[in-house]
Amino acid sequence: MTSSGTARTSSASGSADSAAPAPAYAQALSYSDRLLFKNGHPHRIIAGAIHYFRVHPQQWQDRIDRLVALGVNTLDTYVAWNFHQPYADVAPDFTGWKDLAKFITLAGDAGLDVIVRPGPYICAEWDNGGFPSWAISDPEMVLRSSDPLFTNAVERWFDQLLPVIAPLQACNGGPVIAVQIENEYGSYGDDQKYLRWNRKALLDRGITEMLFTADGGTDYFLDGGALPDTWAAATLGSRGEEADAIWERRRPGEPFFTVEFWNGWFDHWGEDHHTRAGVEAASEAKKILDVDGSICLYMAHGGTNFGLGSGANHDGAIQPTITSYDSDAPIAEDGRLTEKFHAMREAFFAASGRELTPIPEHLERPAPVIPACSFELSRGVALLDFIRAIKPVSSVKPLSFEKLGLDRGLVHYSASAVLPAGEATIKIRGLHDRAYLWVDGSYSGVLTDANGGTGVSVTTGGGLAALEILVENQGRINYGPFFGQGKGILDGVLINQRYVFHWDQRPVNLERPLAELLNVAADSVASTGPVATESDPAGAGYFHGELHIGEPADTYLALPGFGKGVVWVNGFLLGRFWEVGPQVTLYIPAPLLTAGVNKITVLELEHGGTHGELLEEAHLGLVGVTYVEDLG
């Protein structure tokens, strides 16, 4: 029942059924009197989100097949600008893993409609909300606004992206039935001129299917993010029937569509692992279905934040997101069908008036895994020996990542500083995110964005000392007012209250080919020797190992005894690890491995171990921390 007491019933096909005549239509989707139509027939969207950039392309088909088995009729995906164009001087890439058109086509060939969400802002717990840092690094630019500095940059991206999407629209025989304008803008700003610009930018570049906005399920979020002449969708994880009543009041005539139903949640490093019971999540989803609403599970399959793709939140201090994006989704990170999958499937089939059919046997079977084993990891070049071999960039004040042209990775800052005899405090103003300090080659501690202004105390004999600071970008903020914040040292370094000037910076782009990074390491060995001394007392630096396997299969990598860093598999940057958890294992999909010898490379920032382990199942943290939504 709706809040007015008027029933909206569902047909056997899962479409809203009404005696009201279907409206005239040109797009695949249309609506009238709170009813949704597809090609003139009553329709309900039952969708699941899968992000192509979080799934190895050789597994796209498998994950789409599993989505079909879930009982949905639509696939939803974001588009991450920084995945396609990480560097300003290189044209966007839409080939290989970045072949968006192929991903959309595979979904269409599987019988699914597709919803595309091109942003340019996507949030998605993805680095910088999908923006390449170079595109929004101008300090004069007003982000996510009608400021021409911003819109001109986005137009150049849309000029490349939208010609990929437009031919795949339903009007051209493709599967794309809807395209989103911006993303949850009501959580960020109130520039209606910008939203109208975004809408026009899509229309001007050939997007003719249904356009919609997406915002949280309350009046507050609608106030900032909705447009009067555009379908408004909701994002929420519970109380869908309450949001439906708000939509009926605020958006008369529009069908209710929860484009993000948060049936699980993501994790931050150093925090608890989130889960949500499948039966409970399905019960909340059913409340949306019971008012004839359309729904999209966010996520249906979360995948992995490969490389350095994970973003961060901010709540008094940075909250970096873990490498896994499993998100307790119905289809697990490795493709397993979970208890939540079966609960959601039952709800979707019931809402569609369909009897449950058997799941194809090959989808029910767990994917093969490599038998559990361990392998040696041998110490390579020490961390500072590697970094000191990089050619420096000099400046008076410390330079940020952005001024150094570096998006992700590390920056090593070095300077000569006069220290007072006795105790002194080294402070970093504007630190983002995490800094390791050395004084005269001796490790002196860690500072973070939360305590950089407080500093670390050191005791010296006084006089001129060599100060070294290695700053790690832990992931750019993807949500909230700190979105777009720079990385590195944004202000300066103080000894007590005195600034230190004249710095050398060595940017470390960890997304360079691994062979290039190892060549730098080899050069450092040639010039300084192979063994580190007190500069790396805990064993930070490179570690190398080999896996010998018969047949490639999925596996889960653990690094016992290691502290914090990144790992490569056969030269592919798999992702970050950190002993603080909750994530213990990193998922290695079978396509990254080969029969025979496989090379594992670790860059450890804190303290190294002696071996790695391959486990037969994922360990993402202790189960039992329940997801709780706050609609605000």
# chains A, B, ... in the order shown; residues from 1 in each chain; ligands from 1
>>> residues_around(residues="segment 210-216 of chain A", least_positions_apart="6", cutoff="9 Å", atoms="only C-alpha atoms", output="VMD selection string")
chain A and resid 27 to 30 177 to 187 195 199 202 222 224 to 227 230 to 236 243 258 to 260 631
>>> residues_around(residues="segment 161-175 of chain A", least_positions_apart="5", cutoff="6 Å", atoms="only C-alpha atoms", output="ChimeraX atom specification")
/A:108,113-114,206-207
>>> select_by_dssp(residues="segment 310-524 of chain A", states="strand (DSSP E or B)", output="PyMOL selection string")
chain A and resi 310+312-314+318-321+324+331+337+369+373-376+378-382+393-395+410-419+422-432+434-439+442-448+456-460+463-472+477+488-495+498-499+503-508
>>> select_by_dssp(residues="segment 39-72 of chain A", states="helix (DSSP H, G or I)", output="mmCIF file with N, CA and C atoms, in the first residue's frame")
data_model
loop_
_atom_site.group_PDB
_atom_site.id
_atom_site.type_symbol
_atom_site.label_atom_id
_atom_site.label_comp_id
_atom_site.auth_asym_id
_atom_site.auth_seq_id
_atom_site.Cartn_x
_atom_site.Cartn_y
_atom_site.Cartn_z
ATOM 1 N N TYR A 52 33.036 -2.789 -13.715
ATOM 2 C CA TYR A 52 34.002 -3.460 -14.600
ATOM 3 C C TYR A 52 35.440 -3.228 -14.143
ATOM 4 N N PHE A 53 35.712 -2.087 -13.523
ATOM 5 C CA PHE A 53 37.082 -1.774 -13.115
ATOM 6 C C PHE A 53 37.490 -2.505 -11.840
ATOM 7 N N ARG A 54 36.565 -3.221 -11.224
ATOM 8 C CA ARG A 54 36.865 -3.985 -10.016
ATOM 9 C C ARG A 54 36.842 -5.500 -10.255
ATOM 10 N N PRO A 57 38.913 -8.667 -16.395
ATOM 11 C CA PRO A 57 38.082 -8.796 -17.602
ATOM 12 C C PRO A 57 37.827 -10.242 -18.016
ATOM 13 N N GLN A 58 38.739 -11.151 -17.694
ATOM 14 C CA GLN A 58 38.491 -12.552 -18.013
ATOM 15 C C GLN A 58 37.420 -13.166 -17.116
ATOM 16 N N GLN A 59 36.992 -12.415 -16.098
ATOM 17 C CA GLN A 59 35.922 -12.887 -15.214
ATOM 18 C C GLN A 59 34.625 -12.108 -15.411
ATOM 19 N N TRP A 60 34.616 -11.159 -16.327
ATOM 20 C CA TRP A 60 33.391 -10.389 -16.555
ATOM 21 C C TRP A 60 32.203 -11.300 -16.870
ATOM 22 N N GLN A 61 32.393 -12.223 -17.814
ATOM 23 C CA GLN A 61 31.275 -13.071 -18.231
ATOM 24 C C GLN A 61 30.761 -13.912 -17.073
ATOM 25 N N ASP A 62 31.670 -14.471 -16.295
ATOM 26 C CA ASP A 62 31.255 -15.290 -15.158
ATOM 27 C C ASP A 62 30.430 -14.479 -14.172
ATOM 28 N N ARG A 63 30.875 -13.289 -13.846
ATOM 29 C CA ARG A 63 30.149 -12.479 -12.861
ATOM 30 C C ARG A 63 28.793 -12.021 -13.418
ATOM 31 N N ILE A 64 28.723 -11.729 -14.700
ATOM 32 C CA ILE A 64 27.445 -11.375 -15.318
ATOM 33 C C ILE A 64 26.498 -12.565 -15.287
ATOM 34 N N ASP A 65 27.012 -13.761 -15.576
ATOM 35 C CA ASP A 65 26.174 -14.964 -15.511
ATOM 36 C C ASP A 65 25.612 -15.155 -14.113
ATOM 37 N N ARG A 66 26.396 -14.889 -13.106
ATOM 38 C CA ARG A 66 25.926 -15.025 -11.729
ATOM 39 C C ARG A 66 24.868 -13.967 -11.415
ATOM 40 N N LEU A 67 25.039 -12.774 -11.973
ATOM 41 C CA LEU A 67 24.032 -11.727 -11.781
ATOM 42 C C LEU A 67 22.707 -12.146 -12.405
ATOM 43 N N VAL A 68 22.761 -12.730 -13.588
ATOM 44 C CA VAL A 68 21.539 -13.220 -14.222
ATOM 45 C C VAL A 68 20.868 -14.269 -13.343
ATOM 46 N N ALA A 69 21.665 -15.171 -12.760
ATOM 47 C CA ALA A 69 21.118 -16.219 -11.894
ATOM 48 C C ALA A 69 20.465 -15.642 -10.645
ATOM 49 N N LEU A 70 20.875 -14.451 -10.241
ATOM 50 C CA LEU A 70 20.278 -13.795 -9.083
ATOM 51 C C LEU A 70 18.823 -13.404 -9.327
#
>>> residues_around(residues="Pro358 of chain A", least_positions_apart="4", cutoff="12 Å", atoms="only C-alpha atoms", output="list in words")
Ala69, Leu70, Gly71, His342, Arg345, Glu346, Phe349, His362, Leu363 and Glu364 of chain A
>>> write_last_selection(atoms="C-alpha atoms", output="PDB file, in the first residue's frame")
ATOM      1  CA  ALA A  69      21.118 -16.219 -11.894  1.00  0.00           C
ATOM      2  CA  LEU A  70      20.278 -13.795  -9.083  1.00  0.00           C
ATOM      3  CA  GLY A  71      17.072 -12.965 -10.919  1.00  0.00           C
ATOM      4  CA  HIS A 342      19.803 -16.985  -2.119  1.00  0.00           C
ATOM      5  CA  ARG A 345      17.038 -14.349  -5.281  1.00  0.00           C
ATOM      6  CA  GLU A 346      13.956 -15.642  -3.495  1.00  0.00           C
ATOM      7  CA  PHE A 349      11.631 -14.208  -8.048  1.00  0.00           C
ATOM      8  CA  HIS A 362      28.578 -24.641 -12.792  1.00  0.00           C
ATOM      9  CA  LEU A 363      27.619 -21.467 -10.913  1.00  0.00           C
ATOM     10  CA  GLU A 364      26.749 -23.333  -7.726  1.00  0.00           C
TER      11      GLU A 364
END
>>> residues_around(residues="Val493 of chain A", least_positions_apart="6", cutoff="12 Å", atoms="only C-alpha atoms", output="ChimeraX atom specification")
/A:396-399,413-417,425-431,435,437,447,452-456,467-469,499-503
>>> atom_distance(atom1="atom CA of Gly380 of chain A", atom2="atom CA of Gly608 of chain A")
10.7 Å
>>> residues_around(residues="Leu289 of chain A", least_positions_apart="4", cutoff="9 Å", atoms="only C-alpha atoms", output="ChimeraX atom specification")
/A:285,293-295,347-348,351
>>> write_last_selection(atoms="all heavy atoms", output="mmCIF file, in the first residue's frame")
data_model
loop_
_atom_site.group_PDB
_atom_site.id
_atom_site.type_symbol
_atom_site.label_atom_id
_atom_site.label_comp_id
_atom_site.auth_asym_id
_atom_site.auth_seq_id
_atom_site.Cartn_x
_atom_site.Cartn_y
_atom_site.Cartn_z
ATOM 1 N N ALA A 285 14.750 -5.106 1.398
ATOM 2 C CA ALA A 285 14.541 -4.975 -0.046
ATOM 3 C C ALA A 285 13.089 -5.241 -0.405
ATOM 4 O O ALA A 285 12.511 -4.575 -1.280
ATOM 5 C CB ALA A 285 15.467 -5.925 -0.799
ATOM 6 N N GLY A 293 8.207 -0.616 -5.983
ATOM 7 C CA GLY A 293 9.393 0.142 -6.334
ATOM 8 C C GLY A 293 10.368 -0.682 -7.151
ATOM 9 O O GLY A 293 10.374 -1.915 -7.115
ATOM 10 N N SER A 294 11.212 0.007 -7.900
ATOM 11 C CA SER A 294 12.347 -0.614 -8.577
ATOM 12 C C SER A 294 13.549 -0.564 -7.647
ATOM 13 O O SER A 294 13.632 0.293 -6.758
ATOM 14 C CB SER A 294 12.654 0.111 -9.891
ATOM 15 O OG SER A 294 11.643 -0.126 -10.849
ATOM 16 N N ILE A 295 14.511 -1.466 -7.864
ATOM 17 C CA ILE A 295 15.618 -1.591 -6.915
ATOM 18 C C ILE A 295 16.889 -2.016 -7.630
ATOM 19 O O ILE A 295 16.836 -2.747 -8.627
ATOM 20 C CB ILE A 295 15.264 -2.610 -5.803
ATOM 21 C CG1 ILE A 295 16.267 -2.555 -4.658
ATOM 22 C CG2 ILE A 295 15.141 -4.024 -6.372
ATOM 23 C CD1 ILE A 295 15.835 -3.360 -3.439
ATOM 24 N N ALA A 347 13.501 -13.293 -2.983
ATOM 25 C CA ALA A 347 12.683 -12.081 -2.981
ATOM 26 C C ALA A 347 12.434 -11.578 -4.399
ATOM 27 O O ALA A 347 11.318 -11.153 -4.739
ATOM 28 C CB ALA A 347 13.365 -10.999 -2.146
ATOM 29 N N PHE A 348 13.460 -11.633 -5.247
ATOM 30 C CA PHE A 348 13.311 -11.128 -6.615
ATOM 31 C C PHE A 348 12.374 -12.013 -7.438
ATOM 32 O O PHE A 348 11.535 -11.509 -8.199
ATOM 33 C CB PHE A 348 14.673 -11.024 -7.289
ATOM 34 C CG PHE A 348 15.559 -9.941 -6.744
ATOM 35 C CD1 PHE A 348 16.918 -9.914 -7.037
ATOM 36 C CD2 PHE A 348 15.056 -8.946 -5.932
ATOM 37 C CE1 PHE A 348 17.738 -8.920 -6.542
ATOM 38 C CE2 PHE A 348 15.864 -7.942 -5.417
ATOM 39 C CZ PHE A 348 17.210 -7.936 -5.732
ATOM 40 N N ALA A 351 8.812 -11.340 -6.279
ATOM 41 C CA ALA A 351 8.314 -10.048 -6.749
ATOM 42 C C ALA A 351 7.979 -10.085 -8.224
ATOM 43 O O ALA A 351 7.119 -9.333 -8.703
ATOM 44 C CB ALA A 351 9.349 -8.963 -6.473
#
>>> closest_atom_pairs(of="segment 327-436 of chain A", to="segment 137-146 of chain A", cutoff="10 Å", atoms="only C-alpha atoms", output="tab-separated table")
residue	atom	partner	partner_atom	distance
A:Phe401	CA	A:Ser137	CA	9.9
A:Glu402	CA	A:Ser137	CA	6.4
A:Lys403	CA	A:Ser137	CA	8.5
A:Gly405	CA	A:Ser137	CA	9.6
>>> closest_residue(among="A:Ala343, A:Val291, A:Ile477, A:Ala300", to="Ala245 of chain A", atoms="only C-alpha atoms")
A:Val291
>>> atom_distance(atom1="atom CA of Glu516 of chain A", atom2="atom CA of Val602 of chain A")
14.8 Å
